[in-house]
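S.K.: Right, I'll just put the structure down here and ask away after.
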Amino acid sequence: MTDHKNEFSQEQERLAFTQAYMDQLIAAQHSGQEELKKRQEDTLARLDFKDSSLRYQEMLSHANFMKMSKDQLESLTHLRNKPYFARIDFHRKEKPDRETFYIGKTSLFDRETQLPIILDWRSPLSNVYYEGRLGDVSYVAHGETYEGNVSLKRQYEMDEGRLIDFRDIDMTTKDDLLQDSLAKNSDNRLTEIVATIQEEQNRIIRADLRKPIIVQGAAGSGKTTIALHRISYFLYTMREVFKPEEMLILAPNRLFIHYIEEVLPELGVQRSRQSTYQDFVKQVVGLTWPVVSQHQVLMEAVEQTGKNKPLQAAEYKGSKEFKNVLDRYLKHIKKTYRVTEGLTLAGFKIKSPKAINRLFYEEYSYFPYQTRVKKIKEVLRSELRRKKKEILTKMASKYDEELDKALYGMRDPDKRKKRVSFLITRKEERLEEIKKEARYAVQRCMKQYPKHQAADLYRELFDDQLFAGLTAENRDDLREVQAESIEQFKKKRWSAEDLAAILYLHSFVTGLDRDDQAKKVVIDEAQDYSFLEIYSLRRALHTDLFTIVGDLAQGIYQYRGLKNWEVLIDDIFHQAQYLTLQKTYRTTIEIMDLANEQLQKMPENLPEAEPVVRHGEKPMFVPIQVWEDRREEMITHLQAAGMKTMAIVTKTSQEAEQLDAALPVELGFVKMDEHQEMGERMIVPAYLAKGLEFDVVFLYTDEHPYTLNELDVKLLYVAMTRPLHKLYMIGSRPEDFLLEETSSSWFEKQKDTGKEK
């Protein structure tokens with residue numbers, strides 16, 4: 001106890017020094033030398049360091065504070081209340097003394113000695129903290145392997161700039177900081193992930209940055225935040241090569257983008273672009289028609305208000321089969337760029353059709369079609385400029401020869417005078433005509449090239465004769481896809497499934513503008529992407545640096561999404577690393593046990609998620625009538641128990657709208673759509689809840705009970721895996737949530753408890 005008390009005092013001192021150093025560094029950006037000196041003296045007088053910390057005093061008093069970048073200054077200011085979260089004591093083999101390193105979200109160095117005051121969590125040495133426990137370790141930095149011994153791993157708990165406590169981790173203790181983090185409310189957890197990264201998560205963050213990775217992660221395994229931390233690690237490691245603006249994060253909806261925005265500044269990736277696939281394609285291609293989203297098609301399928309045709313069309317348009325059709329179509333389009341007339345001027349041949357076509361089909365074959373046309377135009381202009389002078393000289397010489405013949409060869413003076421006058425005038429006229437013709441010669445030649453737009457080409461693909469020729473199959477299902485597409489085009493709107501094909505055509509025909517390019521891409525909820533969506537994205541961006549995370553168990557868009565990850569490895573990312581995250585950190589064992597039972601009803605044969613050891617209240621079924629009678633009492637009780645964020649997750653958007661209209665305003669529940677920001681109490685359909693988490697979740701269904709079809713089971717799994725602490729199921733009967741299918745004993749106990757009440 002005494003040792004802990006003494007060490008606590010020393011740790012307080014170390015924290016005070018670090019904060020004082022940060023304060024001085026921040027102040028130095030706005031102060032002159034005299035004012036800075038006075039600030040240092042005032043700071044030293046206030047700190048009251050013990051004799052053992054004289055080095056801290058010397059560092060403060062002799063520090064040469066230099067100018068920082070704006071980003072560094074903002075980072076220090078933001079992290080001042082919690083400058084670090086962990087410590088390691090490391091004895092490197094080649095050094096005589098043990099060294100102490102404090103690990104935080106950014107690095108801070110002594111400006112005099114360049115020794116670290118805070119070590120960035122992304123640095124190679126910090127990897128020792130995340131991997132393994134105590135004892136002999138090694139790490140790799142700049143291609144060299146360093147060995148040593150870790151004698152201490154310590155975690156800190158801080159609040160508002162004060163040290164609350166610390167814990168030391170040995171070979172047997174569990175990660176108490178992780179447990180504390182998991183027990184917190186949802187609004188406190190997202191920004192604390194870096195302090196509690198687990199070994200399997202760290203493996204993914206630091207996986208080979210030169211290769212794409214595909215991560216199959218169970219619900220609540222930290223897929224999203226780990227993907228964001230991988231971007232942060234990527235930018236830290238590759239900071240000389242890549243900028244945040246060159247990163248693209250594709251989220252499932254705008255609501256989810258709002259949700260992750262709070263963690264981006266902490267990771268230094270706030271300047272990366274965040275978008276949905278739909279918004280990204282609309283922007284880079286310049287589409288103006290509205291898009292019927294996959295969410296709308298999904299809800300029509302769930303509520304059974306739609307026809308099957310949109311589902312069939314969606315499945316086909318995302319497939320490898322349709323990609324092959326597009327490739328045949330592109331061969332057809334490419335033929336339209338073959339020219340039959342060359343570049344001429346005044347009857348002189350400057351560039352033959354054969355030579356121009358060779359430029360397009362061979363020399364510039366790696367460029368998009370329209371870029372090839374622009375480059376050919378530059379070549380023709382250059383050659384015209386070079387040969388125009390030569391042609392004018394030849395033409396002038398031709399007339400000069402005729403003049404000589406007239407002057408010295410014609411005996412009749414009247415005829416000679418008339419001929420000479422004509423030739424002089426004609427020479428000037430002809431030279432002007434050639435100059436004028438030269439101004440339009442390239443333009444006239446370039447008119448042979450079509451001015452294709454990807455959206456127009458895509459619509460033309462579904463013309464009867466062309467579509468039949470490209471598909472080369474007389475199939476009823478393809479005729480239905482064609483009819484469904486034409487019907488949408490007549491209404492001047494796109495289906496979400498059209499966007500991948502349009503982007504694919506655009507990448508060949510026009511290509512992306514420089515400002516739209518991205519060198520590193522993160523795709524979240526990737527199981528809901530079609531094969532063609534990811535293929536077209538890879539083709540358009542010309543990069544393999546993809547981080548793809550998802551969970552096949554949550555593939556609620558199974559009619560259009562990926563059925564397995566192998567198809568990406570086999571056909572798109574041949575060098576991809578495939579990694580898994582099976583541990584789930586979000587919810588309790590009791591909730592996850594129930595959710596895992598839904599996995600057994602899915603066709604993918606996925607392994608069960610492994611919850612960390614955190615127990616809580618068992619999920620409970622609540623009859624609708626009981627809910628309506630006692631909901632105010634229930635919510636008040638939950639709020640008193642510290643539950644801050646709550647969500648009513650409905651099966652359908654229609655139910656969400658009905659609840660929004662029916663619930664009393666005093667309860668504070670607001671129906672959320674993907675354009676809004678997160679609130680503390682939300683009504684949200686299950687398809688929008690993916691990736692989100694709440695302290696308490698009320699699953700609600702009345703008119704649309706869950707059934708054993710694949711879509712319903714996956715929607716139920718998604719909904720059940722949203723809560724951190726408590727799960728309630730509100731419906732007409734337990735069977736509405738497939739509870740009769742469970743083999744667990746808790747349901748019977750809940751029925752008995754209900755009878756007692």
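Convention: chains lettered A, B, ... in structure tokens order; per-chain residue numbering from 1; ligands numbered from 1 as shown.
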Tell me, counting only C-alpha atoms, for each residue of segment 571-687 of chain A within 6 Å of segment 208-215 of chain A, which pair of atoms is nearest and how far apart they are in Å to one decimal, in rows ordered by chain and increasing number, as a Markdown table.
M.R.:
```
| residue | atom | partner | partner_atom | distance |
| --- | --- | --- | --- | --- |
| A:Ala576 | CA | A:Pro212 | CA | 4.7 |
| A:Gln577 | CA | A:Ile213 | CA | 4.7 |
| A:Tyr578 | CA | A:Ile214 | CA | 4.9 |
| A:Leu579 | CA | A:Val215 | CA | 4.9 |
| A:Thr580 | CA | A:Val215 | CA | 5.4 |
```
S.K.: With DSSP run on the backbone, what are the alpha helix (DSSP H) residues within segment 296-426 of chain A? I'd like them as a PyMOL selection string.
M.R.: chain A and resi 296-303+309-317+320-335+353-358+369-409+413-426
S.K.: Considering only C-alpha atoms, can you say which of A:Glu199, A:Glu632, A:Asp23, A:Asp593 comes closest to Gly616 of chain A?
M.R.: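 Checking each candidate against Gly616 of chain A, we get A:Asp593 as the closest.
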S.K.: So how far away is atom CA of Tyr277 of chain A from atom CA of Tyr369 of chain A, in Å?
M.R.: 24.0 Å
S.K.: Would you compute the distance between atom CA of Leu345 of chain A and atom CA of Lys375 of chain A? Give it in Å to one decimal.
M.R.: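 Between these atoms lies a distance of 20.0 Å.
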S.K.: What separation in Å, quoted to one decimal, exists between atom CA of Glu590 of chain A and atom CA of His615 of chain A?
M.R.: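 A separation of 6.6 Å between them.
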S.K.: Neighbours of Ala301 of chain A within 12 Å (only C-alpha atoms; same-chain residues fewer than 3 positions away dropped), as a ChimeraX atom specification?
M.R.: /A:294-298,304-312,556-559,651-653,704,709,711-712
S.K.: Could you pull the residues within 10 Å of Phe101 of chain A, counting only C-alpha atoms, minus those fewer than 5 positions along the same chain, as a count of residues only?
M.R.: 14
S.K.: Would you please extract all strand (DSSP E) residues from segment 137-329 of chain A, as assigned by DSSP on the backbone, and give them as a short mmCIF file (atom, residue, chain, number, x, y, z; two decimals) with N, CA, C and O atoms, in the first residue's frame?
M.R.:
```cif
data_model
loop_
_atom_site.label_atom_id
_atom_site.label_comp_id
_atom_site.auth_asym_id
_atom_site.auth_seq_id
_atom_site.Cartn_x
_atom_site.Cartn_y
_atom_site.Cartn_z
N VAL A 137 11.11 -9.33 -25.03
CA VAL A 137 10.32 -8.93 -26.20
C VAL A 137 11.26 -8.44 -27.29
O VAL A 137 12.46 -8.23 -27.05
N SER A 138 10.70 -8.24 -28.47
CA SER A 138 11.44 -7.61 -29.56
C SER A 138 10.48 -6.78 -30.39
O SER A 138 9.27 -7.02 -30.38
N TYR A 139 11.02 -5.81 -31.09
CA TYR A 139 10.21 -5.01 -32.00
C TYR A 139 11.06 -4.59 -33.19
O TYR A 139 12.30 -4.62 -33.13
N VAL A 140 10.39 -4.25 -34.27
CA VAL A 140 11.09 -3.89 -35.52
C VAL A 140 10.88 -2.41 -35.80
O VAL A 140 9.76 -1.90 -35.74
N ALA A 141 11.97 -1.71 -36.07
CA ALA A 141 11.92 -0.28 -36.43
C ALA A 141 12.94 -0.02 -37.53
O ALA A 141 14.12 -0.40 -37.40
N GLU A 144 15.22 -2.77 -38.67
CA GLU A 144 16.10 -3.40 -37.68
C GLU A 144 15.27 -4.02 -36.57
O GLU A 144 14.22 -3.49 -36.19
N THR A 145 15.71 -5.14 -36.02
CA THR A 145 15.04 -5.79 -34.89
C THR A 145 15.78 -5.44 -33.60
O THR A 145 17.00 -5.60 -33.52
N TYR A 146 15.02 -4.98 -32.61
CA TYR A 146 15.60 -4.62 -31.32
C TYR A 146 15.02 -5.56 -30.25
O TYR A 146 13.82 -5.80 -30.22
N GLU A 147 15.89 -6.03 -29.37
CA GLU A 147 15.46 -6.93 -28.31
C GLU A 147 15.65 -6.28 -26.95
O GLU A 147 16.48 -5.39 -26.78
N GLY A 148 14.85 -6.74 -25.99
CA GLY A 148 14.96 -6.19 -24.66
C GLY A 148 14.00 -6.89 -23.71
O GLY A 148 13.41 -7.93 -24.04
N ASN A 149 13.82 -6.27 -22.55
CA ASN A 149 12.98 -6.86 -21.53
C ASN A 149 12.02 -5.81 -21.00
O ASN A 149 12.43 -4.69 -20.66
N VAL A 150 10.72 -6.16 -20.95
CA VAL A 150 9.71 -5.27 -20.38
C VAL A 150 9.48 -5.71 -18.94
O VAL A 150 9.05 -6.83 -18.68
N SER A 151 9.77 -4.81 -18.00
CA SER A 151 9.62 -5.14 -16.59
C SER A 151 8.35 -4.53 -15.99
O SER A 151 7.94 -4.91 -14.89
N LEU A 152 7.73 -3.58 -16.72
CA LEU A 152 6.51 -2.95 -16.20
C LEU A 152 5.62 -2.51 -17.35
O LEU A 152 6.09 -1.94 -18.33
N LYS A 153 4.33 -2.82 -17.22
CA LYS A 153 3.30 -2.26 -18.10
C LYS A 153 2.25 -1.65 -17.19
O LYS A 153 1.65 -2.35 -16.37
N ARG A 154 2.03 -0.35 -17.36
CA ARG A 154 1.14 0.36 -16.43
C ARG A 154 0.08 1.12 -17.22
O ARG A 154 0.38 1.72 -18.26
N GLN A 155 -1.15 1.09 -16.72
CA GLN A 155 -2.26 1.81 -17.34
C GLN A 155 -2.76 2.88 -16.37
O GLN A 155 -2.77 2.67 -15.15
N TYR A 156 -3.17 4.01 -16.96
CA TYR A 156 -3.59 5.15 -16.13
C TYR A 156 -5.06 5.47 -16.33
O TYR A 156 -5.59 5.36 -17.45
N GLU A 157 -5.68 5.88 -15.27
CA GLU A 157 -7.04 6.42 -15.33
C GLU A 157 -6.96 7.89 -14.96
O GLU A 157 -6.48 8.25 -13.88
N MET A 158 -7.40 8.75 -15.88
CA MET A 158 -7.35 10.19 -15.65
C MET A 158 -8.72 10.80 -15.92
O MET A 158 -9.50 10.28 -16.72
N ASP A 159 -8.96 11.91 -15.26
CA ASP A 159 -10.23 12.61 -15.46
C ASP A 159 -10.00 14.11 -15.30
O ASP A 159 -9.48 14.56 -14.27
N ARG A 162 -6.59 15.19 -14.10
CA ARG A 162 -6.11 14.67 -12.81
C ARG A 162 -5.89 13.16 -12.91
O ARG A 162 -6.65 12.46 -13.57
N LEU A 163 -4.86 12.68 -12.22
CA LEU A 163 -4.61 11.25 -12.14
C LEU A 163 -5.54 10.65 -11.09
O LEU A 163 -5.51 11.06 -9.93
N ILE A 164 -6.36 9.71 -11.50
CA ILE A 164 -7.29 9.04 -10.57
C ILE A 164 -6.65 7.79 -9.98
O ILE A 164 -6.67 7.57 -8.78
N ASP A 165 -6.03 6.99 -10.84
CA ASP A 165 -5.41 5.75 -10.37
C ASP A 165 -4.55 5.17 -11.48
O ASP A 165 -4.59 5.63 -12.63
N PHE A 166 -3.77 4.16 -11.14
CA PHE A 166 -3.03 3.40 -12.16
C PHE A 166 -3.08 1.93 -11.80
O PHE A 166 -3.32 1.56 -10.64
N ARG A 167 -2.88 1.08 -12.81
CA ARG A 167 -2.87 -0.36 -12.60
C ARG A 167 -1.69 -0.95 -13.35
O ARG A 167 -1.41 -0.56 -14.48
N ASP A 168 -1.03 -1.91 -12.72
CA ASP A 168 0.07 -2.61 -13.37
C ASP A 168 -0.42 -3.95 -13.89
O ASP A 168 -1.19 -4.65 -13.22
N ILE A 213 -6.14 -5.52 -46.93
CA ILE A 213 -6.57 -6.49 -45.93
C ILE A 213 -8.09 -6.59 -45.93
O ILE A 213 -8.79 -5.62 -46.19
N ILE A 214 -8.55 -7.79 -45.65
CA ILE A 214 -9.98 -8.08 -45.53
C ILE A 214 -10.21 -8.65 -44.15
O ILE A 214 -9.56 -9.62 -43.75
N VAL A 215 -11.10 -8.02 -43.39
CA VAL A 215 -11.32 -8.41 -42.00
C VAL A 215 -12.77 -8.86 -41.82
O VAL A 215 -13.70 -8.09 -42.03
N GLN A 216 -12.93 -10.13 -41.44
CA GLN A 216 -14.23 -10.65 -41.02
C GLN A 216 -14.30 -10.48 -39.51
O GLN A 216 -13.55 -11.12 -38.78
N GLY A 217 -15.16 -9.58 -39.05
CA GLY A 217 -15.22 -9.28 -37.63
C GLY A 217 -16.62 -9.46 -37.07
O GLY A 217 -17.60 -8.98 -37.65
N MET A 247 -6.94 9.94 -48.28
CA MET A 247 -7.62 8.79 -47.70
C MET A 247 -9.13 8.91 -47.92
O MET A 247 -9.69 10.01 -47.79
N LEU A 248 -9.77 7.82 -48.20
CA LEU A 248 -11.22 7.80 -48.41
C LEU A 248 -11.84 6.75 -47.50
O LEU A 248 -11.47 5.58 -47.55
N ILE A 249 -12.79 7.19 -46.66
CA ILE A 249 -13.53 6.27 -45.78
C ILE A 249 -14.95 6.16 -46.32
O ILE A 249 -15.66 7.17 -46.41
N LEU A 250 -15.36 4.96 -46.69
CA LEU A 250 -16.71 4.73 -47.19
C LEU A 250 -17.55 4.07 -46.10
O LEU A 250 -17.25 2.96 -45.65
N ARG A 273 -11.32 12.03 -46.32
CA ARG A 273 -12.68 12.18 -46.85
C ARG A 273 -13.57 11.05 -46.35
O ARG A 273 -13.14 9.91 -46.29
N GLN A 274 -14.77 11.40 -45.97
CA GLN A 274 -15.76 10.39 -45.57
C GLN A 274 -16.98 10.53 -46.46
O GLN A 274 -17.45 11.64 -46.71
N SER A 275 -17.48 9.42 -46.94
CA SER A 275 -18.61 9.46 -47.85
C SER A 275 -19.31 8.11 -47.83
O SER A 275 -18.81 7.13 -47.29
N VAL A 291 -31.46 8.89 -56.66
CA VAL A 291 -31.13 7.46 -56.60
C VAL A 291 -32.09 6.74 -55.64
O VAL A 291 -32.30 7.19 -54.52
N VAL A 292 -32.67 5.65 -56.13
CA VAL A 292 -33.48 4.79 -55.26
C VAL A 292 -32.49 3.92 -54.48
O VAL A 292 -31.82 3.07 -55.04
#
```
S.K.: Quick one: everything within 10 Å of Glu735 of chain A, counting only C-alpha atoms, minus sequence neighbours fewer than 6 positions away in the same chain. Send it as a list in words.
M.R.: Phe621, Pro705, Tyr706, Thr707 and Glu741 of chain A
S.K.: Given the selection you just returned, output its residues as a file containing C-alpha atoms, formatted as an mmCIF file, in the first residue's frame.
M.R.:
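Result written to selection.cif:
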```cif
data_model
loop_
_atom_site.group_PDB
_atom_site.id
_atom_site.type_symbol
_atom_site.label_atom_id
_atom_site.label_comp_id
_atom_site.auth_asym_id
_atom_site.auth_seq_id
_atom_site.Cartn_x
_atom_site.Cartn_y
_atom_site.Cartn_z
ATOM 1 C CA PHE A 621 -39.222 -10.010 -23.488
ATOM 2 C CA PRO A 705 -42.642 -10.271 -36.666
ATOM 3 C CA TYR A 706 -39.247 -11.810 -37.404
ATOM 4 C CA THR A 707 -39.380 -15.068 -39.331
ATOM 5 C CA GLU A 741 -36.173 -21.371 -31.360
#
```
S.K.: May I ask which of the residues A:Leu699, A:Tyr717, A:Gly511, A:Gln517 is the closest one to Ala609 of chain A, counting only C-alpha atoms?
M.R.: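 Smallest separation from Ala609 of chain A among the options: A:Tyr717.
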S.K.: Might you pull out every residue within 6 Å of segment 433-446 of chain A, with only C-alpha atoms counted and same-chain residues fewer than 3 positions away left off, and present them as a PyMOL selection string?
M.R.: chain A and resi 343+430+449
S.K.: Measuring between only C-alpha atoms, which one of A:Ile624, A:Leu541, A:Ala483, A:Leu738 shows the shortest distance to Leu594 of chain A?
M.R.: A:Leu738
S.K.: Identify, on the basis of only C-alpha atoms, every residue whose closest approach to Ala526 of chain A does not exceed 9 Å; exclude the query and any residue fewer than 6 positions from it along the same chain; express the result as a JSON list (two decimals) with N, CA and C atoms, in the first residue's frame.
M.R.:
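Wrote it out as part24.json, contents follow:
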```
[["chain", "number", "residue", "atom", "x", "y", "z"],
["A", 252, "PRO", "N", -21.54, 3.08, -44.36],
["A", 252, "PRO", "CA", -22.81, 2.57, -44.90],
["A", 252, "PRO", "C", -23.88, 3.63, -45.07],
["A", 534, "ILE", "N", -17.25, -3.08, -55.44],
["A", 534, "ILE", "CA", -15.85, -3.06, -55.01],
["A", 534, "ILE", "C", -14.91, -3.14, -56.21],
["A", 548, "ILE", "N", -10.74, -3.50, -45.88],
["A", 548, "ILE", "CA", -12.14, -3.90, -46.06],
["A", 548, "ILE", "C", -12.59, -4.65, -44.81],
["A", 549, "VAL", "N", -13.57, -4.11, -44.12],
["A", 549, "VAL", "CA", -14.05, -4.75, -42.89],
["A", 549, "VAL", "C", -15.55, -5.00, -42.99],
["A", 550, "GLY", "N", -15.97, -6.11, -42.43],
["A", 550, "GLY", "CA", -17.39, -6.43, -42.46],
["A", 550, "GLY", "C", -17.68, -7.69, -41.66],
["A", 551, "ASP", "N", -18.95, -8.05, -41.66],
["A", 551, "ASP", "CA", -19.41, -9.24, -40.94],
["A", 551, "ASP", "C", -20.51, -9.89, -41.78],
["A", 552, "LEU", "N", -20.22, -11.06, -42.33],
["A", 552, "LEU", "CA", -21.19, -11.74, -43.18],
["A", 552, "LEU", "C", -22.48, -12.04, -42.43],
["A", 555, "GLY", "N", -25.09, -9.39, -43.02],
["A", 555, "GLY", "CA", -25.35, -9.09, -44.42],
["A", 555, "GLY", "C", -26.84, -9.01, -44.72],
["A", 561, "GLY", "N", -25.44, -8.35, -51.75],
["A", 561, "GLY", "CA", -24.13, -8.27, -51.12],
["A", 561, "GLY", "C", -23.28, -9.50, -51.34],
["A", 562, "LEU", "N", -22.12, -9.49, -50.70],
["A", 562, "LEU", "CA", -21.16, -10.59, -50.83],
["A", 562, "LEU", "C", -21.61, -11.80, -50.02]]
```
S.K.: Out of A:Leu708, A:Pro368, A:Ala500, A:Tyr259, which residue has the shortest atom-to-atom distance to Met678 of chain A when counting only C-alpha atoms?
M.R.: A:Tyr259
